[in-house]
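S.K.: Next comes query-v7.cif, mmCIF, C-alpha atoms:
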```cif
data_model
#
loop_
_atom_site.label_atom_id
_atom_site.label_comp_id
_atom_site.auth_asym_id
_atom_site.auth_seq_id
_atom_site.Cartn_x
_atom_site.Cartn_y
_atom_site.Cartn_z
CA MET A 246 -20.91 -8.95 26.77
CA SER A 247 -18.65 -6.50 28.53
CA ASP A 248 -15.17 -5.72 27.44
CA THR A 249 -13.50 -7.67 30.22
CA ASP A 250 -15.69 -10.69 29.55
CA THR A 251 -14.67 -10.62 25.94
CA LYS A 252 -11.03 -10.55 26.90
CA LEU A 253 -11.44 -13.48 29.25
CA VAL A 254 -13.15 -15.54 26.57
CA LEU A 255 -10.43 -14.58 24.14
CA ALA A 256 -7.67 -15.42 26.56
CA ARG A 257 -9.10 -18.88 26.98
CA GLU A 258 -9.75 -19.44 23.32
CA ALA A 259 -6.67 -17.74 21.95
CA ASP A 260 -4.86 -20.95 21.08
CA THR A 261 -7.86 -22.44 19.30
CA GLY A 262 -8.04 -19.41 17.03
CA VAL A 263 -11.72 -18.80 17.79
CA VAL A 264 -12.76 -15.20 17.32
CA GLN A 265 -15.53 -13.89 19.48
CA ALA A 266 -18.83 -12.82 18.03
CA GLY A 267 -20.60 -9.79 19.43
CA VAL A 268 -18.50 -7.01 17.96
CA SER A 269 -21.01 -4.57 16.50
CA ILE A 270 -20.77 -2.95 13.09
CA GLY A 271 -20.62 0.41 14.85
CA GLN A 272 -17.64 -0.68 16.96
CA ILE A 273 -15.83 -1.92 13.86
CA PHE A 274 -16.48 1.33 12.04
CA LEU A 275 -15.37 3.45 14.97
CA GLU A 276 -12.18 1.48 15.60
CA PHE A 277 -11.13 1.64 11.95
CA LEU A 278 -12.10 5.31 11.79
CA ILE A 279 -9.72 5.98 14.69
CA ILE A 280 -6.98 4.00 12.93
CA GLY A 281 -7.71 5.90 9.72
CA ALA A 282 -7.40 9.23 11.50
CA THR A 283 -4.28 8.55 13.57
CA SER A 284 -2.11 6.20 11.50
CA PHE A 285 0.56 8.67 10.43
CA GLY A 286 3.47 7.09 8.61
CA GLY A 287 1.99 3.69 7.74
CA VAL A 288 -1.14 1.88 8.81
CA VAL A 289 0.08 -1.65 9.60
CA PRO A 290 1.69 -0.98 13.03
CA TYR A 291 -1.41 0.95 14.10
CA LEU A 292 -3.62 -1.92 12.95
CA ARG A 293 -1.71 -4.37 15.09
CA GLU A 294 -1.69 -2.04 18.09
CA SER A 295 -5.43 -1.55 17.85
CA LEU A 296 -6.78 -4.93 16.71
CA VAL A 297 -4.40 -7.32 18.45
CA ILE A 298 -3.32 -5.47 21.58
CA LYS A 299 -6.07 -2.98 22.43
CA ARG A 300 -9.25 -4.70 21.20
CA GLN A 301 -7.98 -8.27 20.97
CA TRP A 302 -10.33 -8.96 18.08
CA ILE A 303 -7.67 -11.15 16.49
CA ASP A 304 -4.45 -12.67 17.83
CA ASP A 305 -0.93 -12.10 16.57
CA LYS A 306 -0.81 -15.29 14.54
CA GLU A 307 -4.00 -14.39 12.70
CA PHE A 308 -2.75 -10.87 12.19
CA VAL A 309 0.41 -12.10 10.44
CA GLU A 310 -1.59 -14.54 8.36
CA LEU A 311 -4.11 -11.92 7.25
CA LEU A 312 -1.26 -9.54 6.49
CA SER A 313 0.38 -12.10 4.25
CA ILE A 314 -2.91 -12.54 2.36
CA SER A 315 -3.15 -8.75 2.06
CA GLN A 316 0.33 -8.54 0.61
CA SER A 317 -0.17 -11.15 -2.08
CA LEU A 318 -3.40 -9.61 -3.37
CA PRO A 319 -3.90 -6.39 -5.27
CA GLY A 320 -5.02 -3.53 -3.06
CA LEU A 321 -3.30 -1.60 -0.31
CA ASN A 322 -2.33 -3.44 2.86
CA ALA A 323 -4.40 -1.05 4.96
CA THR A 324 -7.64 -1.56 3.03
CA ASN A 325 -7.11 -5.29 2.47
CA MET A 326 -6.57 -5.75 6.20
CA ALA A 327 -9.75 -3.76 6.88
CA ILE A 328 -11.68 -6.04 4.53
CA LEU A 329 -10.25 -9.23 6.03
CA VAL A 330 -10.56 -8.28 9.70
CA GLY A 331 -13.98 -6.66 9.23
CA GLY A 332 -15.12 -9.75 7.34
CA LYS A 333 -13.82 -12.05 10.03
CA LEU A 334 -15.76 -10.18 12.71
CA ARG A 335 -19.04 -9.43 10.91
CA ARG A 336 -18.83 -10.73 7.35
CA ALA A 337 -19.61 -8.37 4.43
CA LEU A 338 -21.08 -5.56 6.53
CA GLY A 339 -18.07 -5.69 8.84
CA SER A 340 -15.75 -5.40 5.86
CA LEU A 341 -17.70 -2.45 4.53
CA ALA A 342 -17.69 -0.65 7.89
CA ALA A 343 -13.97 -1.25 8.32
CA ILE A 344 -12.88 -0.06 4.87
CA ILE A 345 -15.06 3.06 4.99
CA GLY A 346 -13.75 3.84 8.46
CA VAL A 347 -10.10 3.44 7.56
CA CYS A 348 -10.41 5.46 4.31
CA LEU A 349 -12.65 8.33 5.37
CA PRO A 350 -10.28 10.57 7.40
CA GLY A 351 -7.40 10.37 4.90
CA ALA A 352 -9.74 10.97 1.97
CA VAL A 353 -11.22 14.08 3.56
CA ILE A 354 -7.76 15.38 4.47
CA MET A 355 -6.40 14.84 0.95
CA TYR A 356 -9.53 16.44 -0.53
CA VAL A 357 -8.77 19.61 1.43
CA VAL A 358 -5.04 19.35 0.67
CA GLY A 359 -5.86 19.06 -3.05
CA ILE A 360 -7.93 22.23 -3.01
CA PHE A 361 -5.24 24.09 -1.08
CA TYR A 362 -2.50 22.79 -3.38
CA ARG A 363 -4.39 23.88 -6.49
CA SER A 364 -4.69 27.44 -5.23
CA HIS A 365 -1.34 27.82 -3.44
CA GLY A 366 0.80 25.16 -5.09
CA ASP A 367 2.84 27.70 -7.03
CA HIS A 368 3.81 29.75 -3.98
CA VAL A 369 7.61 29.88 -3.66
CA TRP A 370 7.65 28.36 -0.17
CA VAL A 371 5.19 25.63 -1.10
CA THR A 372 7.12 24.51 -4.17
CA ALA A 373 10.34 24.54 -2.17
CA ALA A 374 8.77 22.48 0.62
CA LEU A 375 7.30 20.06 -1.92
CA LYS A 376 10.70 19.43 -3.46
CA GLY A 377 11.96 18.38 -0.04
CA VAL A 378 8.85 16.32 0.63
CA ALA A 379 9.14 14.45 -2.68
CA ALA A 380 12.82 13.68 -2.13
CA ALA A 381 12.08 12.43 1.38
CA ALA A 382 9.26 10.26 0.00
CA VAL A 383 11.73 8.58 -2.38
CA GLY A 384 13.89 7.72 0.64
CA LEU A 385 10.82 6.34 2.42
CA ILE A 386 9.86 4.08 -0.49
CA LEU A 387 13.43 2.82 -0.77
CA SER A 388 13.43 1.95 2.91
CA THR A 389 10.19 0.01 2.39
CA VAL A 390 11.83 -1.86 -0.48
CA VAL A 391 14.85 -2.72 1.67
CA GLY A 392 12.69 -3.77 4.62
CA LEU A 393 10.48 -6.01 2.48
CA SER A 394 13.50 -7.52 0.71
CA LYS A 395 15.10 -8.48 4.01
CA LYS A 396 11.87 -10.04 5.19
CA SER A 397 10.55 -11.88 2.17
CA LEU A 398 13.30 -12.47 -0.37
CA ALA A 399 14.92 -15.89 -0.08
CA GLY A 400 17.97 -16.69 -2.17
CA LYS A 401 19.64 -15.00 -5.10
CA PHE A 402 17.02 -16.00 -7.64
CA ASP A 403 14.47 -13.84 -5.88
CA PHE A 404 16.78 -10.88 -6.49
CA VAL A 405 16.95 -11.87 -10.15
CA PHE A 406 13.14 -11.83 -10.37
CA MET A 407 13.09 -8.47 -8.63
CA ALA A 408 15.69 -7.06 -11.04
CA LEU A 409 13.82 -8.49 -14.05
CA THR A 410 10.67 -6.71 -12.88
CA VAL A 411 12.45 -3.38 -12.51
CA ILE A 412 14.15 -3.71 -15.92
CA ALA A 413 10.90 -4.67 -17.64
CA VAL A 414 9.02 -1.66 -16.26
CA ASN A 415 11.71 1.05 -16.19
CA ARG A 416 14.00 0.09 -19.06
CA LEU A 417 11.90 -1.92 -21.50
CA HIS A 418 8.78 0.16 -20.68
CA GLN A 419 6.56 -2.87 -20.43
CA SER A 420 3.19 -2.34 -18.81
CA VAL A 421 2.86 -3.38 -15.18
CA PRO A 422 0.25 -6.11 -15.85
CA ARG A 423 2.35 -7.68 -18.60
CA THR A 424 5.42 -7.64 -16.35
CA LEU A 425 3.43 -9.01 -13.45
CA VAL A 426 2.11 -11.92 -15.49
CA ALA A 427 5.40 -12.74 -17.21
CA VAL A 428 7.86 -12.43 -14.32
CA GLY A 429 5.26 -13.57 -11.80
CA PHE A 430 4.67 -16.73 -13.81
CA LEU A 431 8.41 -17.48 -13.90
CA ALA A 432 8.83 -16.78 -10.20
CA ILE A 433 5.84 -18.89 -9.17
CA LEU A 434 7.09 -21.71 -11.38
CA PHE A 435 10.51 -21.42 -9.76
CA HIS A 436 8.89 -21.68 -6.33
CA ARG A 437 6.65 -24.54 -7.45
CA PRO A 438 5.73 -27.18 -4.91
CA ARG A 439 8.52 -29.72 -4.62
CA LYS A 440 8.94 -33.06 -2.96
CA GLU A 441 10.60 -33.05 0.46
CA ARG A 442 13.96 -34.36 -0.74
CA LYS A 443 14.47 -31.39 -3.04
CA GLU A 444 13.86 -28.85 -0.31
CA SER A 445 17.38 -29.16 1.15
CA VAL A 446 18.87 -27.56 -1.96
CA SER A 447 18.22 -24.03 -0.68
CA PRO A 448 21.37 -21.95 -0.10
CA MET B 70 -18.50 15.66 -15.66
CA SER B 71 -17.60 13.81 -18.83
CA GLN B 72 -14.31 12.82 -17.17
CA ILE B 73 -15.99 10.55 -14.64
CA PRO B 74 -16.23 7.39 -16.79
CA ALA B 75 -12.55 7.80 -17.68
CA LEU B 76 -11.64 8.34 -14.01
CA VAL B 77 -13.50 5.18 -13.01
CA ARG B 78 -11.88 3.15 -15.80
CA VAL B 79 -8.36 4.36 -15.05
CA PHE B 80 -8.49 4.00 -11.27
CA ALA B 81 -10.27 0.65 -11.29
CA TYR B 82 -7.53 -0.60 -13.60
CA LEU B 83 -4.76 0.93 -11.47
CA SER B 84 -6.15 -0.64 -8.32
CA LEU B 85 -5.56 -4.11 -9.75
CA LEU B 86 -1.86 -3.31 -10.16
CA THR B 87 -1.26 -2.39 -6.54
CA ILE B 88 0.30 -5.71 -5.56
CA GLY B 89 2.74 -5.09 -2.76
CA GLY B 90 1.74 -1.46 -2.34
CA GLY B 91 0.36 1.61 -4.04
CA MET B 92 3.74 2.49 -5.49
CA ALA B 93 3.53 -0.58 -7.75
CA ALA B 94 0.89 1.23 -9.79
CA PHE B 95 2.88 4.46 -10.01
CA PRO B 96 4.52 3.99 -13.44
CA GLU B 97 1.17 3.14 -15.01
CA MET B 98 -0.52 5.94 -13.06
CA LYS B 99 1.95 8.42 -14.50
CA ILE B 100 1.26 7.26 -18.06
CA LEU B 101 -2.52 7.29 -17.69
CA THR B 102 -3.16 10.39 -15.57
CA VAL B 103 -0.34 12.60 -16.87
CA GLU B 104 0.30 11.53 -20.45
CA VAL B 105 -2.96 10.01 -21.68
CA HIS B 106 -5.65 12.02 -19.86
CA GLN B 107 -3.60 15.01 -18.75
CA TRP B 108 -5.52 15.48 -15.53
CA LEU B 109 -2.33 16.81 -13.93
CA THR B 110 1.38 17.30 -14.60
CA PHE B 111 4.13 14.90 -13.56
CA PRO B 112 5.48 17.26 -10.86
CA GLN B 113 1.94 17.61 -9.50
CA LEU B 114 1.58 13.83 -9.38
CA ILE B 115 4.84 13.53 -7.47
CA HIS B 116 3.81 16.30 -5.09
CA LEU B 117 0.43 14.76 -4.37
CA TYR B 118 1.93 11.33 -3.81
CA SER B 119 4.56 12.71 -1.44
CA VAL B 120 2.19 14.91 0.52
CA GLY B 121 -0.14 11.91 0.73
CA GLN B 122 2.53 10.09 2.71
CA MET B 123 1.99 12.57 5.53
CA ALA B 124 -1.76 11.98 5.74
CA PRO B 125 -3.04 9.20 8.01
CA GLY B 126 -4.80 6.15 6.59
CA PRO B 127 -4.15 4.22 3.37
CA ASN B 128 -1.25 5.93 1.61
CA MET B 129 -2.85 6.36 -1.81
CA MET B 130 -5.47 8.93 -0.83
CA MET B 131 -3.63 11.27 -3.17
CA ILE B 132 -6.00 9.88 -5.81
CA VAL B 133 -8.77 12.01 -4.24
CA PRO B 134 -7.37 15.36 -5.46
CA ILE B 135 -6.85 13.90 -8.95
CA GLY B 136 -10.51 12.93 -9.03
CA GLU B 137 -11.53 16.29 -7.64
CA TRP B 138 -9.52 18.26 -10.19
CA ALA B 139 -10.85 16.24 -13.09
CA GLY B 140 -14.45 15.83 -11.99
CA GLY B 141 -15.29 17.81 -8.86
CA VAL B 142 -16.77 16.18 -5.75
CA LEU B 143 -18.33 13.43 -7.84
CA GLY B 144 -14.97 12.79 -9.45
CA ALA B 145 -13.36 12.43 -6.04
CA ILE B 146 -16.01 9.96 -4.88
CA ALA B 147 -15.89 8.04 -8.17
CA VAL B 148 -12.12 7.68 -7.95
CA VAL B 149 -12.24 6.32 -4.39
CA LEU B 150 -14.96 3.80 -5.23
CA ALA B 151 -13.16 2.72 -8.40
CA PHE B 152 -9.79 2.41 -6.70
CA PHE B 153 -10.93 0.55 -3.59
CA GLY B 154 -14.07 -1.27 -4.78
CA PRO B 155 -12.71 -3.99 -7.08
CA THR B 156 -9.79 -4.99 -4.83
CA ALA B 157 -12.08 -4.94 -1.79
CA VAL B 158 -14.43 -7.44 -3.42
CA LEU B 159 -11.53 -9.59 -4.58
CA THR B 160 -9.92 -9.59 -1.13
CA PHE B 161 -13.23 -10.39 0.53
CA ILE B 162 -13.75 -13.43 -1.72
CA VAL B 163 -10.18 -14.69 -1.44
CA GLY B 164 -10.28 -14.13 2.33
CA ARG B 165 -13.27 -16.50 2.49
CA LEU B 166 -11.55 -19.11 0.33
CA TRP B 167 -8.10 -18.79 1.86
CA ASN B 168 -8.49 -21.40 4.58
CA LYS B 169 -9.83 -23.87 2.05
CA LEU B 170 -6.68 -23.29 0.03
CA GLU B 171 -4.53 -24.22 3.02
CA LYS B 172 -3.79 -27.68 1.66
CA TRP B 173 -3.22 -26.47 -1.89
CA PRO B 174 0.58 -26.65 -2.40
CA TRP B 175 0.60 -23.87 -4.99
CA ARG B 176 -0.67 -21.35 -2.45
CA ARG B 177 2.79 -21.10 -0.94
CA SER B 178 4.39 -21.02 -4.37
CA ILE B 179 2.21 -18.11 -5.42
CA GLN B 180 3.06 -16.19 -2.26
CA GLN B 181 6.78 -16.87 -2.60
CA GLY B 182 6.78 -16.11 -6.31
CA LEU B 183 4.83 -12.86 -6.00
CA ALA B 184 7.08 -11.51 -3.25
CA PRO B 185 10.10 -10.61 -5.46
CA VAL B 186 7.86 -9.36 -8.26
CA SER B 187 5.87 -7.09 -5.97
CA ILE B 188 9.05 -5.70 -4.44
CA GLY B 189 10.38 -5.15 -7.97
CA LEU B 190 7.21 -3.27 -8.89
CA LEU B 191 7.65 -1.11 -5.81
CA LEU B 192 11.22 -0.36 -6.79
CA ALA B 193 10.22 0.38 -10.38
CA GLY B 194 7.63 2.83 -9.09
CA CYS B 195 10.27 4.37 -6.89
CA PHE B 196 12.62 4.86 -9.86
CA THR B 197 9.84 6.42 -11.93
CA MET B 198 9.18 8.84 -9.12
CA ALA B 199 12.87 9.52 -8.49
CA LYS B 200 13.25 10.67 -12.10
CA GLY B 201 10.99 13.59 -11.27
CA ALA B 202 11.84 14.08 -7.61
CA ILE B 203 15.61 13.72 -7.50
CA PHE B 204 17.57 16.43 -9.28
CA GLY B 205 20.84 17.79 -8.01
CA LEU B 206 22.71 17.21 -4.81
CA GLU B 207 20.14 18.56 -2.31
CA THR B 208 17.29 16.23 -3.23
CA ALA B 209 19.61 13.22 -3.53
CA THR B 210 20.99 13.97 -0.08
CA ILE B 211 17.52 14.28 1.44
CA ALA B 212 16.48 10.92 -0.03
CA VAL B 213 19.63 9.12 1.11
CA VAL B 214 19.51 10.60 4.62
CA VAL B 215 15.84 9.62 5.01
CA LEU B 216 16.64 6.12 3.79
CA LEU B 217 19.55 5.72 6.21
CA ILE B 218 17.60 7.08 9.17
CA LEU B 219 14.65 4.78 8.50
CA LEU B 220 16.90 1.75 8.12
CA ASN B 221 18.74 2.42 11.36
CA TYR B 222 16.24 4.03 13.71
CA LYS B 223 12.64 3.40 14.65
CA ILE B 224 11.10 6.71 13.75
CA ASN B 225 7.76 7.70 12.28
CA PRO B 226 8.23 8.18 8.50
CA ALA B 227 5.56 10.90 8.35
CA LEU B 228 7.74 12.96 10.66
CA LEU B 229 10.72 12.61 8.33
CA ILE B 230 8.65 13.72 5.34
CA LEU B 231 7.71 16.78 7.37
CA VAL B 232 11.39 17.42 8.07
CA GLY B 233 11.94 17.05 4.32
CA ALA B 234 9.49 19.90 3.79
CA VAL B 235 11.39 22.14 6.19
CA VAL B 236 14.74 21.28 4.60
CA GLY B 237 13.15 21.95 1.21
CA VAL B 238 12.05 25.44 2.27
CA PHE B 239 15.58 26.24 3.40
CA SER B 240 17.28 24.71 0.36
CA PHE B 241 15.11 25.90 -2.48
CA THR B 242 13.96 29.42 -1.61
CA ARG B 243 16.35 31.97 -2.83
#
```
Show this structure as structure tokens.
M.R.:
Amino acid sequence: MSDTDTKLVLAREADTGVVQAGVSIGQIFLEFLIIGATSFGGVVPYLRESLVIKRQWIDDKEFVELLSISQSLPGLNATNMAILVGGKLRRALGSLAAIIGVCLPGAVIMYVVGIFYRSHGDHVWVTAALKGVAAAAVGLILSTVVGLSKKSLAGKFDFVFMALTVIAVNRLHQSVPRTLVAVGFLAILFHRPRKERKESVSP
Amino acid sequence: MSQIPALVRVFAYLSLLTIGGGMAAFPEMKILTVEVHQWLTFPQLIHLYSVGQMAPGPNMMMIVPIGEWAGGVLGAIAVVLAFFGPTAVLTFIVGRLWNKLEKWPWRRSIQQGLAPVSIGLLLAGCFTMAKGAIFGLETATIAVVVLLILLNYKINPALLILVGAVVGVFSFTR
């Protein structure tokens, strides 16, 4: 099936959520390899650009849904998305091709960086640059925290759960799994399924 | 060579903590790689993490150099497999089940409940890192400026990290 044919089929079936077959393992690997090699500054926007817009392997609605699964499971968004999209296209082998593709370029680059850093890491210019890089990275993580909070925190109790998590890990020096289970349990219980009439209580 | 079983154990464990992002595992990663196994120092960990933000692909590939330092090429491969293998299998299985869980009312509860906790873990990781990365006015300024730029403008974060490197060279070489 040619590329244009695929698009036509997709255009017709987009609203039914049917994903076309016929994407080869090689295509999956290559597409994720390209994403893995070019996704500077965060993989998710590149994933959408490539999978939804360029290849049209999944539609926007599916993309958002798969992303929300990725975010509630352990694992990085980039690799979880690779597993889910690869699996949707070609089951286990598709997942494998996608995750290897998306990881390979970055892994090779960091392997080389690690060797360089070990031999030149104490150079005056390198240490100076690294101080700036680390400080900038802190700003980047904070911006991620703010962005995610705006998007997925609903109501003041969510901020309480967030604060409890931070206090448990940073102040009380509890392990991450213990914190995750304890605060997570409370938060899930707070968001427990309710009957319709109770839903209007939200602020 | 003898480090490889420890590398696999540590990074397989850490991978299960990365809910919401790699940073969520950072506090535990510091304890295990720096304090317990002493594969690297805390400044080195911070440097690798930060430089890793400039590389394309999943943003925790900084685990590769840790594996390489502790166990050579095999260590690097072991660390990648340990860090991505278990969560990959879990995600694959849950991905298959997810649609069946559509009607399960607790699915939404779990998603809503995990959101604030995962953001909290991210923030906790950020604070752990800030303790080593932010000292004095220059570094604090860099962090705040990057934060403000990213919140207000659509700009590639990797580029800003690169700018951070340049500012660092000018601020800290004397």
S.K.: Once the PyMOL selection byres ((chain A and resi 382) around 12) is applied to the coordinates I shared, what remains selected? I want it as number ranges by chain.
M.R.: A: 286, 375-381, 383-389; B: 92, 115-123, 128, 194-196, 198-199, 201-203, 208-209, 211-216, 219, 226-234
S.K.: Pull the neighbourhood of (13.2, -11.0, -7.6) for me: all residues within 10 Å in file coordinates, counting all atoms listed in the file, as a PDB file with C-alpha atoms, in the coordinates of the input.
M.R.:
```pdb
ATOM      1  CA  SER A 394      13.500  -7.520   0.710  1.00  0.00           C
ATOM      2  CA  LEU A 398      13.300 -12.470  -0.370  1.00  0.00           C
ATOM      3  CA  ALA A 399      14.920 -15.890  -0.080  1.00  0.00           C
ATOM      4  CA  GLY A 400      17.970 -16.690  -2.170  1.00  0.00           C
ATOM      5  CA  LYS A 401      19.640 -15.000  -5.100  1.00  0.00           C
ATOM      6  CA  PHE A 402      17.020 -16.000  -7.640  1.00  0.00           C
ATOM      7  CA  ASP A 403      14.470 -13.840  -5.880  1.00  0.00           C
ATOM      8  CA  PHE A 404      16.780 -10.880  -6.490  1.00  0.00           C
ATOM      9  CA  VAL A 405      16.950 -11.870 -10.150  1.00  0.00           C
ATOM     10  CA  PHE A 406      13.140 -11.830 -10.370  1.00  0.00           C
ATOM     11  CA  MET A 407      13.090  -8.470  -8.630  1.00  0.00           C
ATOM     12  CA  ALA A 408      15.690  -7.060 -11.040  1.00  0.00           C
ATOM     13  CA  LEU A 409      13.820  -8.490 -14.050  1.00  0.00           C
ATOM     14  CA  THR A 410      10.670  -6.710 -12.880  1.00  0.00           C
ATOM     15  CA  VAL A 411      12.450  -3.380 -12.510  1.00  0.00           C
ATOM     16  CA  VAL A 428       7.860 -12.430 -14.320  1.00  0.00           C
ATOM     17  CA  GLY A 429       5.260 -13.570 -11.800  1.00  0.00           C
ATOM     18  CA  ALA A 432       8.830 -16.780 -10.200  1.00  0.00           C
TER      19      ALA A 432
ATOM     20  CA  GLY B 182       6.780 -16.110  -6.310  1.00  0.00           C
ATOM     21  CA  LEU B 183       4.830 -12.860  -6.000  1.00  0.00           C
ATOM     22  CA  ALA B 184       7.080 -11.510  -3.250  1.00  0.00           C
ATOM     23  CA  PRO B 185      10.100 -10.610  -5.460  1.00  0.00           C
ATOM     24  CA  VAL B 186       7.860  -9.360  -8.260  1.00  0.00           C
ATOM     25  CA  SER B 187       5.870  -7.090  -5.970  1.00  0.00           C
ATOM     26  CA  ILE B 188       9.050  -5.700  -4.440  1.00  0.00           C
ATOM     27  CA  GLY B 189      10.380  -5.150  -7.970  1.00  0.00           C
ATOM     28  CA  LEU B 190       7.210  -3.270  -8.890  1.00  0.00           C
TER      29      LEU B 190
END
```
S.K.: Go through B:Pro112, B:Gly141, B:Gly237, B:Gly136 one by one, measure the shortest atom-to-atom distance of each to chain A using only C-alpha atoms, and give the residue with the smallest value.
M.R.: B:Gly237
S.K.: Using all atoms listed in the file, can you list as a list of chain:residue names the residues within 12 Å of (-6.5, -0.8, 20.4)?
M.R.: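 Every polymer residue passing the test: A:Gln272, A:Ile273, A:Leu275, A:Glu276, A:Phe277, A:Leu278, A:Ile279, A:Ile280, A:Thr283, A:Pro290, A:Tyr291, A:Leu292, A:Arg293, A:Glu294, A:Ser295, A:Leu296, A:Val297, A:Ile298, A:Lys299, A:Arg300, A:Gln301, A:Trp302, A:Ile303.
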S.K.: Just checking: using all atoms listed in the file, which residue out of A:Leu341, A:Ile270, A:Met326, A:Leu434 ends up closest to Leu150 of chain B?
M.R.: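 Nearest to Leu150 of chain B: A:Leu341.
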S.K.: I'd like the neighbourhood of Ile328 of chain A as number ranges by chain, where a residue qualifies if any of its atoms comes within 10 Å (using all atoms listed in the file), though same-chain residues fewer than 2 positions away should be ignored.
M.R.: A: 311, 315, 322-326, 330-333, 336-345; B: 156-162, 164
S.K.: Go ahead and compute the interatomic distance for atom CA of Gln316 of chain A and atom CA of Leu83 of chain B, in Å to one decimal.
M.R.: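 For atom CA of Gln316 of chain A relative to atom CA of Leu83 of chain B, the distance reads 16.2 Å.
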S.K.: Once the PyMOL selection byres ((chain B and resi 152) around 8) has been applied to the shown file, what residues remain in the selection, as a list of chain:residue names?
M.R.: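 In the shown coordinates, the PyMOL selection byres ((chain B and resi 152) around 8) covers B:Val77, B:Phe80, B:Ala81, B:Tyr82, B:Leu83, B:Ser84, B:Val148, B:Val149, B:Leu150, B:Ala151, B:Phe153, B:Gly154, B:Pro155, B:Thr156.
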S.K.: Care to translate the PyMOL selection byres ((chain B and resi 107) around 12) into actual residues of this file, as a list in words?
M.R.: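 Taken over the shown coordinates, the PyMOL selection byres ((chain B and resi 107) around 12) returns Gln72, Ala75, Leu76, Met98, Lys99, Ile100, Leu101, Thr102, Val103, Glu104, Val105, His106, Trp108, Leu109, Thr110, Phe111, Gln113, Leu114, Ile135, Trp138 and Ala139 of chain B.
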S.K.: Would you output that residue set with C-alpha atoms, as a PDB file, in the frame of the given file?
M.R.:
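Dumped everything to again05.pdb:
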```
ATOM      1  CA  GLN B  72     -14.310  12.820 -17.170  1.00  0.00           C
ATOM      2  CA  ALA B  75     -12.550   7.800 -17.680  1.00  0.00           C
ATOM      3  CA  LEU B  76     -11.640   8.340 -14.010  1.00  0.00           C
ATOM      4  CA  MET B  98      -0.520   5.940 -13.060  1.00  0.00           C
ATOM      5  CA  LYS B  99       1.950   8.420 -14.500  1.00  0.00           C
ATOM      6  CA  ILE B 100       1.260   7.260 -18.060  1.00  0.00           C
ATOM      7  CA  LEU B 101      -2.520   7.290 -17.690  1.00  0.00           C
ATOM      8  CA  THR B 102      -3.160  10.390 -15.570  1.00  0.00           C
ATOM      9  CA  VAL B 103      -0.340  12.600 -16.870  1.00  0.00           C
ATOM     10  CA  GLU B 104       0.300  11.530 -20.450  1.00  0.00           C
ATOM     11  CA  VAL B 105      -2.960  10.010 -21.680  1.00  0.00           C
ATOM     12  CA  HIS B 106      -5.650  12.020 -19.860  1.00  0.00           C
ATOM     13  CA  TRP B 108      -5.520  15.480 -15.530  1.00  0.00           C
ATOM     14  CA  LEU B 109      -2.330  16.810 -13.930  1.00  0.00           C
ATOM     15  CA  THR B 110       1.380  17.300 -14.600  1.00  0.00           C
ATOM     16  CA  PHE B 111       4.130  14.900 -13.560  1.00  0.00           C
ATOM     17  CA  GLN B 113       1.940  17.610  -9.500  1.00  0.00           C
ATOM     18  CA  LEU B 114       1.580  13.830  -9.380  1.00  0.00           C
ATOM     19  CA  ILE B 135      -6.850  13.900  -8.950  1.00  0.00           C
ATOM     20  CA  TRP B 138      -9.520  18.260 -10.190  1.00  0.00           C
ATOM     21  CA  ALA B 139     -10.850  16.240 -13.090  1.00  0.00           C
TER      22      ALA B 139
END
```
S.K.: Quick one: distance from atom CA of Cys348 of chain A to atom CA of Phe274 of chain A in Å, one decimal?
M.R.: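 Result for atom CA of Cys348 of chain A versus atom CA of Phe274 of chain A: 10.7 Å, one decimal.
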